[in-house]
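Presented below is the structure to which this report refers.
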Amino acid sequence: MADSSLSALPIDERFKPIQKLKEVWKNSIENPEEFWADQAKQLDWYKTWDNVLEWKDRHARWYIGGVLNASYNCLDRHVKTWRRNKVAYIWEGEPGDKRVITYASLYRDVNRFASVLKDLGVGKGTFVALYMPMIPELPIAMLACARLGAPFTQVYSGFSIGALAERASHTEAEVIVTADGVWRRGKVIDLKGIVNKAVTQCPKVRNIITVERTKHGVEMAEGRDIWYHEAMKAATERYVEPEPVEADHILYVLYTSGTTAKPKGPQVCTGGYLTYTCSTLKWAFDVKEEDVWWCFADIGWVTGHSYIVFAPLALGLTSVMYEGAPEYPDPGRTWRMIEEKGVTKFYTSPTLLRLLIKYGDEWPAKSNLDSLEILGTVGEPINPEVWRWYYKVIGKERCPISDTWWQTETGGFMISSAPGIELVPLKAGSATFPLPGIDPAVVDEHGVLLPEGEKGYLVIRKPWPGMLMTLYKDDERYQDYYWNRYPNAKEDLFYTGDYAVQDNEGYFWLLGRSDDVLKVAGHRLGTIELEDVLVSHPAVAEASVVGRKDEIKGEVPVCCVVLKVGIEPTPSLNEELRLHVRSVIGPIATPAAIHFVRNMPKTRSGKIMRRVIKSIVDGEALGDITTLEDPSAVEEVKRTVEAFRALYG
Ligand code: PRX
């Protein structure tokens, strides 16, 4: 691992030695029930719990006996106070249209939409599927479902027909809420057309409610299809009583990819999840009443569920929400929005940062970013180079970075710096320490604890309130995947699927999925490790490394590299990069090939699709590429790899 200590940077002097964080954490681990009971008091409960935690057969039930409603906590309790006229969302559409939504107007629309759903027979326990872009009607729909006690399952709007059909039918959703379309890089994506096709495979769906966004003309089926704006006008009730639900009532099921082809559906509870997301947002971002919070993610993923919708609203914050692409119509869009809206806390993915880095520092330099106080990242390990860029160029060396490690399954942040408790010295590329109540460890393949400095599997040793209750309709897989990995371990260990190492100061370094590892002549190499090295080269904007089957060594690393704008791909640069990797990691890591490409194949959420590159490199079928952002990127990698193969075999 590269030396990533920040000691050379001036902010270091401002950090105190770690003290308070350690105390809070120790207390949370020694007295978990007392600790989590205290945290739950930030919510409004119709009835408080009898027991904080029941832990049985690897299922956690939090706040047993407690009764609450998530929509009430996100809305009603605010509109009773001065926050009634506080802004909940500052929304911007990709074409530049703007909406400012107060808590009062959100409350009004959620109530009306709850009435619409109720009239369609939706009630406690009825599943609703949401297939919606980043428009305000999405949080409205989520909160309306929660108000009725109706669990929802949201399908990211970048997914296609099969994924939507699979998720909607697995949950037996009776209603789908969608939009006619969405704007993406100036083009309309026809969502309703996809729903129309998917729904033929979902016999339980009775109605489809469509928000008019792009007005491009869609097919509506008589009797089944309803326009959102017409339904809202005709809503029979202006106020719908929130359904009091048990703390462990399902709030949502959010499907995520696993190690098998079939997605798994973490099932999330109401009371524990809401408590946990609120606490973690306060700890990791020190959120305050006057903040302008921008979680630049898609609500279709867990990041948006937790930190665009539920936690910020339950805490009464003002959030920015944006419909489109970060570099549209030009690479200054994101930075301009930060200035225009006065964003104080900005949270996004390393991929988005890498994308914007590619265009050069002159773009952020055009905007005044002085409002920023804390920056954050999520979703993948952040390369130290990118971290430093974020810290220097965006944060101007005055904004700490919260690198938050967590998963769909965990509900909220797990390992992250916690400036809301105490600022600790940061290290570029380390998520730092566990948050209160979280007890992670690094173990070997038998579940035996590893010493500091040794890379192993990240596991979590205690239940926490945001954790999944089970996998929806698949408890066996829940047990097998998360809990049965280490049958001989002394205690229950929650398997995360990630590699990690704890350094000699206790900092956690997340090293990527353990399923993305290469075995080169028997040696383990993290694809991320190699990518870090490549990105540390001044010519490289982005890199992706996969293993290619090799008759002698088993696997050899093959790299796809996107160069920074203005840098020419040449054979000598190619050789220079090979030597760079060789010299930083060692001969074993020397890439067998480096392919220069202009774009990486990415999902529409911006993650590089290594699996696709790997299939091309291995000369195999591509499999499912429905989530691909730009099919021409795949063609480019194919052409490049094939040309290489023709030359070198
Ligand atoms: O590999 C870890 C990576 O993302 C995985 C979880 O993905 P998902 O369920 O889609 O949730 C993403 C948003 C929470 C993890 O197993 N990951 C997430 N955050 C980080 C990370 N890897 C390194 N550093 C992070 N901060």
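Ligands are numbered from 1 in the order shown, chains are lettered A, B, ... in the order of the structure tokens, and residues start at 1 in each chain.
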
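Neighbouring residues of range 60-68 of chain A at 7 Å or closer, counting only C-alpha atoms and skipping chain neighbours under 3 positions away, are Asp44, Trp45, Tyr46, Lys47, Thr48, Trp49, Asp50, Asn51, Val52, Leu53, Glu54, Trp55, Lys56, Pro244, Val245, Glu246, Ala247, Asp248, Gly271, Gly272, Pro463, Pro465 and Met469 of chain A.
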
May I have the residues within 6 Å of ligand 1, computed using only C-alpha atoms and all ligand atoms, as a ChimeraX atom specification? /A:303,378-381,403-408,498,510,512-513

Selection above as a file: all heavy atoms, as a compact mmCIF listing (two decimals), in the first residue's frame:
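Contents of part_18.txt, as written:
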# COMPACT_ATOMS: atom_id res chain seq x y z
N THR A 303 -27.50 4.61 -1.45
CA THR A 303 -26.98 5.91 -1.00
C THR A 303 -28.09 6.96 -1.03
O THR A 303 -28.23 7.76 -0.10
CB THR A 303 -25.81 6.34 -1.91
OG1 THR A 303 -24.89 5.25 -1.99
CG2 THR A 303 -25.10 7.55 -1.36
N VAL A 378 -18.07 7.64 -1.49
CA VAL A 378 -18.72 6.36 -1.21
C VAL A 378 -18.70 5.46 -2.43
O VAL A 378 -18.62 5.92 -3.55
CB VAL A 378 -20.19 6.58 -0.80
CG1 VAL A 378 -20.99 7.29 -1.88
CG2 VAL A 378 -20.87 5.26 -0.44
N GLY A 379 -18.81 4.18 -2.17
CA GLY A 379 -19.15 3.23 -3.22
C GLY A 379 -18.00 2.40 -3.73
O GLY A 379 -18.21 1.34 -4.31
N GLU A 380 -16.80 2.87 -3.56
CA GLU A 380 -15.64 2.13 -4.05
C GLU A 380 -14.42 2.73 -3.36
O GLU A 380 -14.48 3.86 -2.87
CB GLU A 380 -15.52 2.27 -5.57
CG GLU A 380 -15.63 3.70 -6.00
CD GLU A 380 -15.83 3.90 -7.49
OE1 GLU A 380 -15.11 3.26 -8.26
OE2 GLU A 380 -16.67 4.72 -7.85
N PRO A 381 -13.35 1.99 -3.35
CA PRO A 381 -12.15 2.56 -2.73
C PRO A 381 -11.72 3.80 -3.50
O PRO A 381 -11.81 3.82 -4.73
CB PRO A 381 -11.11 1.45 -2.88
CG PRO A 381 -11.89 0.20 -3.14
CD PRO A 381 -13.13 0.62 -3.84
N ASP A 403 -14.65 9.48 4.01
CA ASP A 403 -14.69 8.35 3.08
C ASP A 403 -15.53 7.30 3.80
O ASP A 403 -15.09 6.70 4.77
CB ASP A 403 -13.26 7.88 2.82
CG ASP A 403 -13.19 6.62 1.98
OD1 ASP A 403 -14.25 6.08 1.60
OD2 ASP A 403 -12.07 6.16 1.72
N THR A 404 -16.76 7.12 3.32
CA THR A 404 -17.71 6.27 4.05
C THR A 404 -17.77 4.88 3.42
O THR A 404 -18.14 4.74 2.27
CB THR A 404 -19.12 6.89 3.99
OG1 THR A 404 -19.54 6.94 2.63
CG2 THR A 404 -19.14 8.29 4.58
N TRP A 405 -17.40 3.90 4.18
CA TRP A 405 -17.54 2.52 3.69
C TRP A 405 -18.84 1.94 4.23
O TRP A 405 -19.10 1.98 5.43
CB TRP A 405 -16.37 1.62 4.14
CG TRP A 405 -16.64 0.22 3.68
CD1 TRP A 405 -16.34 -0.32 2.47
CD2 TRP A 405 -17.36 -0.80 4.40
NE1 TRP A 405 -16.82 -1.60 2.38
CE2 TRP A 405 -17.45 -1.93 3.54
CE3 TRP A 405 -17.95 -0.87 5.67
CZ2 TRP A 405 -18.08 -3.11 3.93
CZ3 TRP A 405 -18.59 -2.05 6.05
CH2 TRP A 405 -18.64 -3.16 5.19
N TRP A 406 -19.64 1.41 3.33
CA TRP A 406 -20.87 0.70 3.72
C TRP A 406 -21.43 -0.03 2.53
O TRP A 406 -20.79 -0.06 1.47
CB TRP A 406 -21.88 1.66 4.35
CG TRP A 406 -22.34 2.82 3.50
CD1 TRP A 406 -21.56 3.82 3.00
CD2 TRP A 406 -23.66 3.11 3.07
NE1 TRP A 406 -22.34 4.71 2.28
CE2 TRP A 406 -23.63 4.30 2.32
CE3 TRP A 406 -24.90 2.49 3.27
CZ2 TRP A 406 -24.76 4.87 1.74
CZ3 TRP A 406 -26.04 3.05 2.71
CH2 TRP A 406 -25.96 4.24 1.96
N GLN A 407 -22.59 -0.63 2.68
CA GLN A 407 -23.17 -1.47 1.63
C GLN A 407 -24.70 -1.37 1.66
O GLN A 407 -25.27 -0.93 2.67
CB GLN A 407 -22.85 -2.95 1.89
CG GLN A 407 -21.40 -3.24 2.14
CD GLN A 407 -21.16 -4.71 2.42
OE1 GLN A 407 -21.68 -5.25 3.40
NE2 GLN A 407 -20.38 -5.36 1.58
N THR A 408 -25.31 -1.83 0.60
CA THR A 408 -26.78 -1.89 0.57
C THR A 408 -27.28 -2.63 1.82
O THR A 408 -28.27 -2.23 2.43
CB THR A 408 -27.25 -2.65 -0.70
OG1 THR A 408 -26.66 -2.02 -1.84
CG2 THR A 408 -28.75 -2.62 -0.85
N ASP A 498 -15.73 -7.98 1.29
CA ASP A 498 -14.66 -7.02 0.99
C ASP A 498 -13.34 -7.45 1.62
O ASP A 498 -13.32 -8.05 2.70
CB ASP A 498 -15.01 -5.64 1.56
CG ASP A 498 -15.83 -4.83 0.59
OD1 ASP A 498 -16.55 -5.44 -0.23
OD2 ASP A 498 -15.74 -3.61 0.62
N LEU A 510 -10.02 -0.12 2.93
CA LEU A 510 -10.88 -1.05 2.20
C LEU A 510 -10.25 -1.32 0.85
O LEU A 510 -9.92 -0.37 0.13
CB LEU A 510 -12.28 -0.46 2.03
CG LEU A 510 -13.17 -0.50 3.28
CD1 LEU A 510 -13.17 -1.88 3.89
CD2 LEU A 510 -12.81 0.54 4.30
N GLY A 512 -11.40 -3.31 -1.76
CA GLY A 512 -12.23 -3.80 -2.86
C GLY A 512 -12.84 -5.15 -2.55
O GLY A 512 -12.56 -5.78 -1.53
N ARG A 513 -13.69 -5.59 -3.45
CA ARG A 513 -14.39 -6.85 -3.27
C ARG A 513 -13.41 -8.01 -3.31
O ARG A 513 -12.51 -8.04 -4.14
CB ARG A 513 -15.43 -7.05 -4.38
CG ARG A 513 -16.50 -6.00 -4.42
CD ARG A 513 -17.44 -6.03 -3.28
NE ARG A 513 -18.14 -7.30 -3.12
CZ ARG A 513 -19.17 -7.46 -2.30
NH1 ARG A 513 -19.62 -6.45 -1.56
NH2 ARG A 513 -19.76 -8.61 -2.21

For Thr470 in chain A, which residue among A:Phe152, A:Phe113, A:Tyr252, A:Phe596 is the nearest when counting only C-alpha atoms? A:Tyr252

Can you list, as an MDAnalysis selection string, all residues belonging to range 188-342 of chain A that DSSP tags as helix (DSSP H, G or I)? chainID A and resid 191:201 228:233 271:285 302:314 333:341

Mind checking which residues fall within 12 Å of Cys74 in chain A, counting only C-alpha atoms, ignoring those fewer than 6 positions away in the same chain, and posting them as a PyMOL selection string? chain A and resi 42-44+68+80+83-84+88+103-104+106-107+110+139-140+142-144+146-147+242+274-275+278+308-317

As a PyMOL selection string, please: every residue in range 126-320 of chain A that DSSP puts in strand (DSSP E or B). chain A and resi 128-131+152-154+175-179+181-184+187-190+207-211+225-227+245-246+250-253+256+264+266-269+292-295+318-320

Within 10 Å of range 430-435 of chain A: each range 19-100 of chain A residue with its shortest pair, only C-alpha atoms, as a Markdown table:
| residue | atom | partner | partner_atom | distance |
| --- | --- | --- | --- | --- |
| A:Leu21 | CA | A:Leu435 | CA | 8.5 |
| A:Lys22 | CA | A:Phe433 | CA | 9.3 |
| A:Val24 | CA | A:Leu435 | CA | 9.2 |
| A:Trp25 | CA | A:Leu435 | CA | 6.9 |
| A:Ser28 | CA | A:Leu435 | CA | 9.4 |

Nearest residue to Val424 in chain A from the set A:Leu450, A:Tyr131, A:Tyr507, A:Phe346 (distances using only C-alpha atoms):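 Residue with the minimum atom-to-atom distance to Val424 in chain A: A:Tyr507.
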
What does the structure give for the distance between CA of Asn73 in chain A and CA of Asn31 in chain A, in Å to one decimal? 26.3 Å

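Picture a line from CA of Ala589 in chain A to CA of Asp630 in chain A; it runs 29.7 Å.
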
Can you list, as a VMD selection string, every protein, DNA or RNA residue that comes within 10 Å of Val155 in chain A when you count only C-alpha atoms, leaving out same-chain residues fewer than 6 positions away? chain A and resid 129 to 133 163 to 168 253 to 256 299 to 301

Write a file of the just-selected residues containing C-alpha atoms, as a PDB file, in the first residue's frame.
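Output file again20.pdb follows:
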ATOM      1  CA  ALA A 129     -42.488  -0.766  -7.323  1.00  0.00           C
ATOM      2  CA  LEU A 130     -40.835   2.540  -8.174  1.00  0.00           C
ATOM      3  CA  TYR A 131     -39.056   3.011 -11.473  1.00  0.00           C
ATOM      4  CA  MET A 132     -38.337   6.683 -11.438  1.00  0.00           C
ATOM      5  CA  PRO A 133     -35.672   9.191 -12.335  1.00  0.00           C
ATOM      6  CA  ALA A 163     -34.360  -6.252 -14.069  1.00  0.00           C
ATOM      7  CA  LEU A 164     -37.546  -4.272 -13.509  1.00  0.00           C
ATOM      8  CA  ALA A 165     -39.751  -7.257 -14.266  1.00  0.00           C
ATOM      9  CA  GLU A 166     -37.740  -9.520 -11.971  1.00  0.00           C
ATOM     10  CA  ARG A 167     -37.862  -7.130  -9.033  1.00  0.00           C
ATOM     11  CA  ALA A 168     -41.481  -6.109  -9.432  1.00  0.00           C
ATOM     12  CA  VAL A 253     -36.554  -4.038  -0.251  1.00  0.00           C
ATOM     13  CA  LEU A 254     -33.637  -2.950  -2.409  1.00  0.00           C
ATOM     14  CA  TYR A 255     -32.162  -5.537  -4.743  1.00  0.00           C
ATOM     15  CA  THR A 256     -28.440  -5.626  -5.236  1.00  0.00           C
ATOM     16  CA  ILE A 299     -32.001   7.506  -5.258  1.00  0.00           C
ATOM     17  CA  GLY A 300     -32.251   4.188  -7.086  1.00  0.00           C
ATOM     18  CA  TRP A 301     -29.262   3.014  -5.055  1.00  0.00           C
TER      19      TRP A 301
END

Extract, using only C-alpha atoms, all DNA, RNA and protein residues at most 7 Å from range 374-377 of chain A, discarding same-chain residues fewer than 3 positions from it, and format them as a PyMOL selection string. chain A and resi 285+344-350+399-404

Output of the above residues as a CSV table (one decimal), in the first residue's frame, restricted to all heavy atoms:
chain,number,residue,atom,x,y,z
A,285,PHE,N,-21.0,13.6,8.8
A,285,PHE,CA,-21.0,14.9,8.1
A,285,PHE,C,-21.3,16.1,9.0
A,285,PHE,O,-21.5,17.2,8.5
A,285,PHE,CB,-21.9,14.9,6.9
A,285,PHE,CG,-21.3,14.0,5.8
A,285,PHE,CD1,-21.7,12.7,5.6
A,285,PHE,CD2,-20.4,14.6,4.9
A,285,PHE,CE1,-21.1,11.9,4.6
A,285,PHE,CE2,-19.8,13.8,3.9
A,285,PHE,CZ,-20.2,12.5,3.8
A,344,THR,N,-22.9,23.1,1.4
A,344,THR,CA,-21.9,23.1,2.5
A,344,THR,C,-21.2,21.7,2.7
A,344,THR,O,-20.1,21.6,3.1
A,344,THR,CB,-22.5,23.5,3.8
A,344,THR,OG1,-23.7,22.7,4.0
A,344,THR,CG2,-22.9,25.0,3.8
A,345,LYS,N,-22.0,20.7,2.4
A,345,LYS,CA,-21.5,19.3,2.5
A,345,LYS,C,-21.8,18.6,1.2
A,345,LYS,O,-22.9,18.5,0.8
A,345,LYS,CB,-22.2,18.6,3.7
A,345,LYS,CG,-22.3,19.4,5.0
A,345,LYS,CD,-21.1,19.3,5.9
A,345,LYS,CE,-21.0,20.4,7.0
A,345,LYS,NZ,-21.8,20.2,8.2
A,346,PHE,N,-20.7,18.1,0.6
A,346,PHE,CA,-20.9,17.4,-0.7
A,346,PHE,C,-20.4,16.0,-0.7
A,346,PHE,O,-19.3,15.7,-0.2
A,346,PHE,CB,-20.1,18.3,-1.7
A,346,PHE,CG,-20.1,17.7,-3.1
A,346,PHE,CD1,-21.3,17.7,-3.9
A,346,PHE,CD2,-19.0,17.2,-3.8
A,346,PHE,CE1,-21.4,17.2,-5.2
A,346,PHE,CE2,-19.0,16.7,-5.1
A,346,PHE,CZ,-20.2,16.7,-5.8
A,347,TYR,N,-21.2,15.1,-1.2
A,347,TYR,CA,-20.9,13.7,-1.0
A,347,TYR,C,-21.2,13.0,-2.3
A,347,TYR,O,-22.2,13.1,-2.9
A,347,TYR,CB,-21.9,13.2,0.1
A,347,TYR,CG,-21.9,11.7,0.4
A,347,TYR,CD1,-20.7,11.1,0.8
A,347,TYR,CD2,-23.1,11.0,0.5
A,347,TYR,CE1,-20.7,9.7,1.1
A,347,TYR,CE2,-23.1,9.6,0.9
A,347,TYR,CZ,-21.9,9.0,1.2
A,347,TYR,OH,-21.8,7.7,1.6
A,348,THR,N,-20.2,12.3,-2.8
A,348,THR,CA,-20.3,11.6,-4.1
A,348,THR,C,-19.4,10.4,-4.2
A,348,THR,O,-18.8,10.0,-3.3
A,348,THR,CB,-20.2,12.6,-5.3
A,348,THR,OG1,-20.6,12.0,-6.5
A,348,THR,CG2,-18.7,13.1,-5.4
A,349,SER,N,-19.3,9.9,-5.5
A,349,SER,CA,-18.4,8.7,-5.6
A,349,SER,C,-17.1,9.0,-6.2
A,349,SER,O,-16.9,10.0,-7.0
A,349,SER,CB,-19.2,7.7,-6.6
A,349,SER,OG,-19.2,8.3,-7.9
A,350,PRO,N,-16.1,8.2,-6.0
A,350,PRO,CA,-14.8,8.4,-6.6
A,350,PRO,C,-14.9,8.4,-8.2
A,350,PRO,O,-14.2,9.1,-8.8
A,350,PRO,CB,-14.0,7.2,-6.1
A,350,PRO,CG,-14.5,6.9,-4.8
A,350,PRO,CD,-16.0,7.1,-5.0
A,399,CYS,N,-11.3,21.3,3.9
A,399,CYS,CA,-12.5,20.5,4.1
A,399,CYS,C,-12.0,19.0,4.4
A,399,CYS,O,-11.5,18.4,3.5
A,399,CYS,CB,-13.4,20.5,2.9
A,399,CYS,SG,-13.9,22.1,2.4
A,400,PRO,N,-12.3,18.5,5.6
A,400,PRO,CA,-12.0,17.1,5.8
A,400,PRO,C,-12.9,16.2,4.8
A,400,PRO,O,-14.0,16.7,4.4
A,400,PRO,CB,-12.4,16.9,7.2
A,400,PRO,CG,-13.2,18.0,7.7
A,400,PRO,CD,-12.9,19.2,6.7
A,401,ILE,N,-12.4,15.1,4.6
A,401,ILE,CA,-13.1,14.2,3.7
A,401,ILE,C,-13.6,13.0,4.5
A,401,ILE,O,-12.8,12.3,5.2
A,401,ILE,CB,-12.2,13.6,2.5
A,401,ILE,CG1,-11.8,14.8,1.6
A,401,ILE,CG2,-12.9,12.5,1.8
A,401,ILE,CD1,-10.9,14.5,0.5
A,402,SER,N,-14.9,12.7,4.4
A,402,SER,CA,-15.4,11.5,5.0
A,402,SER,C,-15.6,10.4,4.0
A,402,SER,O,-16.4,10.5,3.1
A,402,SER,CB,-16.8,11.8,5.7
A,402,SER,OG,-16.6,12.6,6.8
A,403,ASP,N,-14.6,9.5,4.0
A,403,ASP,CA,-14.7,8.4,3.1
A,403,ASP,C,-15.5,7.3,3.8
A,403,ASP,O,-15.1,6.7,4.8
A,403,ASP,CB,-13.3,7.9,2.8
A,403,ASP,CG,-13.2,6.6,2.0
A,403,ASP,OD1,-14.3,6.1,1.6
A,403,ASP,OD2,-12.1,6.2,1.7
A,404,THR,N,-16.8,7.1,3.3
A,404,THR,CA,-17.7,6.3,4.0
A,404,THR,C,-17.8,4.9,3.4
A,404,THR,O,-18.1,4.7,2.3
A,404,THR,CB,-19.1,6.9,4.0
A,404,THR,OG1,-19.5,6.9,2.6
A,404,THR,CG2,-19.1,8.3,4.6

Non-local contacts of Lys197 in chain A (12 Å; only C-alpha atoms; under 2 positions in same chain excluded) as a PyMOL selection string: chain A and resi 160-165+190-195+199-202+219
